[in-house]
Structures are given as C-alpha cells and as structure tokens.
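A.B. asks: Before I ask anything, let me first share the structure, which is written out below as structure tokens.
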Amino acid sequence: MTSRLMSKMNLRFNPERRFRITNSEIAKFAPISVYNSYESLVNESSVRYRLDKLLNPSDGVIDGDAVKDMIFPTDGTEFTKFDIFISHSHNDRHAAEALAKYLRSIGREPFLDNYVWSSADDLLKEIDERWCKTDDGKYYDYNKRNFSTSHVHTMLSMAILEMIARCESFIFIDSYESLDYSEFKETGVSTLSPWLYQELQYVRMLSTVQQPIIEQREFSDIRDSLKIKYGAELTDFTELTATNIYRLFSKRRII
C-alpha cells in the first residue's frame, strides 16, 4: 500500500489489536437482547432527499464519489472518532449491539456499519429502478443490473477498507452464524459470507501495510441459493473474554 493512500485513509489500525470474541463471552458482561436499541447516526429523510438529486444528474453521469460519501461516509469529525471496528454476521447483530454498548460505557467508540451507514441494498434498488430497466420498463436488464451491482459493492468495499484503516482495533464476533466449523479438522474454519471474508482480508492487508490492495470483487450474500466458502484464518487473533476485555479496552481504568 502506498504512503499516499495510507495518508488519505488516515491509517490508525494497529495489527496487534486484532481480537475475536464469542457470543457466550459477550453475554457474560453485556446482556444480549432482541430489544436492544442502538442509536443510529443515519438521517434517512435527509439521505433520500440528497440521493434523489445525485441520481438525477443534469449531464447523465452519476458522481460515484459523492454517492459513496453520502451513503457510506468515512470523513468528518463524527466518523474519525471511531476506534474499534466490530465485524459480525447480520444474524449476530444483537450481540454486536450489546458489545458496542459495553465498549461505549468504558470510553470507547465502536463502529457498527448498519448504525452509521445507509443500506447498500436500498441504494442499489434506487439505481436499478432509474437506470437498469429494459426499454419497455417492465423488467430489469440483466447486464445493467450486474454493472450497477459492481458499482455499489465497490463503493461499500472501499468504505469498509477506509473505516477498518481508521480504527485502531478490530473485533470479530466468532459464532456459528459467521463461521462454518463443519470441516474444521480437514480444511480449517471458513465463512460463507463474502463481506466477512472481505473484512478479514482487509485486516490481513493492513497488517502487512506494504502489500497491494486486493482486487475488488462482486459479492452477493443470498445464502439460500448460491453458497461459496472462503478460508477464515483467525488463529493469530487475540481471544477476548469477559475477564480481559475491560483491561484491554477501557479508557477509564486507573494506571
């Protein structure tokens, strides 16, 4: 990775602060509830109003940088405050909320993507409705849909990379939702989520710093149909527990 790109991303990531934690450990110090409410930073009405303008450019060319910065923002004082990136399966969102609340209670600012960014799926649908229909307007054009998907997923991919780079620490929630242990003895642990695979690969990339940025891929996380597994190497991640998390993360402890 070039020094210019590192500077642009405001690289704060510390390779020695890669952690993994299970739901059962989180439950020991932060009760997990489906009724957990975590404050969202997204103003959907404002986003929709500004997005409508961006998706109707006078010259017919959408400003991808502007769309990315609005839907998946990483700049500004409200975003540079984050110091811990929490990587988790969507099905573990309640555990992620509980962990994030606990980390905030001890003086940290965790990043949860779905509480800071708008939905990539919603953005894609907006673009597809306006730009990806067949000539008669009845159906979606397959090739146009593939092209729009590659654009939106690239925007999200780059935003994820930027946020991981800006956060000092990375915590991965290790569960049967995020990882597949069925072939652990033969091939090791893997994940069926392309997004979790990507986040783990970004962490590896940032840990070596000098390695080139990995190629962007088109991802589709529809698990009921296509399933593709990726290796998920976590053996060098520090295991977080209810016993050590306060010592490792608290900003309020007395030295």
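We name chains A, B, ... following the order of the structure tokens; residues begin at 1 in each chain, and ligands are numbered from 1 as shown.
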Just want the 9 Å neighbourhood of Leu123 (chain A), counted on only C-alpha atoms, with same-chain residues fewer than 4 positions away dropped. Output as a VMD selection string.

C.D. replies: chain A and resid 51 71 118 to 119 127 to 128 152

A.B. asks: As a count of residues only, list the residues of region 13-239 of chain A assigned to helix (DSSP H, G or I) by DSSP on the backbone atoms of this structure.

C.D. replies: 106

A.B. asks: Run DSSP on the backbone and grab whatever in region 56-188 of chain A lands in strand (DSSP E or B); send it over as a ChimeraX atom specification.

C.D. replies: /A:84-87,110-111,133,140,169-174,180

A.B. asks: Write a file of the just-selected residues containing N, CA and C atoms, as a short mmCIF file (atom, residue, chain, number, x, y, z; two decimals), in the first residue's frame.

C.D. replies:
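Contents of selection.cif, freshly written:
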data_model
loop_
_atom_site.label_atom_id
_atom_site.label_comp_id
_atom_site.auth_asym_id
_atom_site.auth_seq_id
_atom_site.Cartn_x
_atom_site.Cartn_y
_atom_site.Cartn_z
N ILE A 84 -12.86 1.35 17.19
CA ILE A 84 -12.97 -0.11 17.16
C ILE A 84 -13.96 -0.52 16.07
N PHE A 85 -13.52 -1.33 15.14
CA PHE A 85 -14.40 -1.84 14.08
C PHE A 85 -14.91 -3.22 14.53
N ILE A 86 -16.24 -3.36 14.63
CA ILE A 86 -16.84 -4.65 15.02
C ILE A 86 -17.32 -5.37 13.76
N SER A 87 -16.72 -6.52 13.49
CA SER A 87 -17.08 -7.34 12.34
C SER A 87 -17.99 -8.47 12.80
N PRO A 110 -17.11 2.33 19.30
CA PRO A 110 -17.16 1.22 18.32
C PRO A 110 -17.91 1.61 17.06
N PHE A 111 -17.53 1.00 15.96
CA PHE A 111 -18.18 1.23 14.67
C PHE A 111 -19.03 0.03 14.30
N LYS A 133 -33.69 -0.67 -16.09
CA LYS A 133 -34.87 -1.34 -16.63
C LYS A 133 -34.69 -1.63 -18.13
N TYR A 140 -36.04 -5.77 -15.21
CA TYR A 140 -34.66 -5.32 -15.04
C TYR A 140 -33.81 -5.95 -16.13
N SER A 169 -8.53 -0.68 16.54
CA SER A 169 -8.75 -2.09 16.87
C SER A 169 -9.82 -2.72 15.99
N PHE A 170 -9.76 -4.04 15.88
CA PHE A 170 -10.72 -4.81 15.08
C PHE A 170 -11.18 -5.99 15.93
N ILE A 171 -12.50 -6.11 16.11
CA ILE A 171 -13.07 -7.22 16.88
C ILE A 171 -13.99 -8.03 15.97
N PHE A 172 -13.73 -9.33 15.89
CA PHE A 172 -14.54 -10.23 15.09
C PHE A 172 -15.40 -11.08 16.01
N ILE A 173 -16.72 -11.08 15.79
CA ILE A 173 -17.61 -11.92 16.58
C ILE A 173 -17.64 -13.31 15.98
N ASP A 174 -17.06 -14.24 16.72
CA ASP A 174 -16.87 -15.63 16.30
C ASP A 174 -18.09 -16.44 16.71
N ASP A 180 -18.10 -21.30 9.56
CA ASP A 180 -18.51 -22.68 9.32
C ASP A 180 -17.41 -23.59 9.85
#

A.B. asks: List as a count of residues only the protein and nucleic acid residues near Arg48 (chain A), meaning an atom at most 12 Å away when only C-alpha atoms are counted, but skip any in the same chain fewer than 4 places from it.

C.D. replies: 15

A.B. asks: Mind dumping a table of every region 92-142 of chain A residue within 12 Å of region 235-245 of chain A, with the nearest atom pair and its distance in Å to one decimal, using only C-alpha atoms, sorted by chain and rising number, as CSV?

C.D. replies:
residue,atom,partner,partner_atom,distance
A:Leu99,CA,A:Ile245,CA,10.3
A:Tyr102,CA,A:Ile245,CA,10.0
A:Leu103,CA,A:Ile245,CA,9.0
A:Ile106,CA,A:Ile245,CA,10.2
A:Arg108,CA,A:Ile245,CA,11.8

A.B. asks: Expressed in Å to a single decimal, how great is the separation between CA of Glu97 (chain A) and CA of Phe29 (chain A)?

C.D. replies: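 A separation of 12.7 Å between them.
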
A.B. asks: Rank A:Leu156, A:Leu179, A:Leu161, A:Leu234 by their smallest atom-to-atom distance to Met205 (chain A), using only C-alpha atoms, and report the top residue only.

C.D. replies: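 The shortest atom-to-atom distance to Met205 (chain A) comes from A:Leu161.
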
A.B. asks: Could you state the separation of CA of Tyr38 (chain A) and CA of Tyr115 (chain A) in Å, given to one decimal place?

C.D. replies: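 Computing the Euclidean distance for CA of Tyr38 (chain A) and CA of Tyr115 (chain A) yields 7.5 Å.
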
A.B. asks: Would you pick out the contacts of Ser89 (chain A) at 8 Å or less, using only C-alpha atoms, so that residues sharing its chain but fewer than 3 positions from it are not included, and give the list as a list of chain:residue names?

C.D. replies: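 Neighbouring residues, sequence-local ones excluded: A:Asp92, A:Arg93, A:Ile173, A:Glu177, A:Ser178, A:Ser193, A:Leu196.
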
A.B. asks: Would you output that residue set with C-alpha atoms, as a PDB file, in the first residue's frame?

C.D. replies:
ATOM      1  CA  ASP A  92     -25.359 -11.677  15.347  1.00  0.00           C
ATOM      2  CA  ARG A  93     -26.428  -8.033  15.283  1.00  0.00           C
ATOM      3  CA  ILE A 173     -17.614 -11.916  16.585  1.00  0.00           C
ATOM      4  CA  GLU A 177     -23.518 -17.601  12.148  1.00  0.00           C
ATOM      5  CA  SER A 178     -20.268 -16.030  10.986  1.00  0.00           C
ATOM      6  CA  SER A 193     -20.203 -14.503   3.972  1.00  0.00           C
ATOM      7  CA  LEU A 196     -16.868 -11.084   6.438  1.00  0.00           C
TER       8      LEU A 196
END

A.B. asks: Please measure the separation of CA of Gly231 (chain A) and CA of Val189 (chain A), giving the value in Å to one decimal.

C.D. replies: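 Taking CA of Gly231 (chain A) and CA of Val189 (chain A), their separation equals 6.4 Å.
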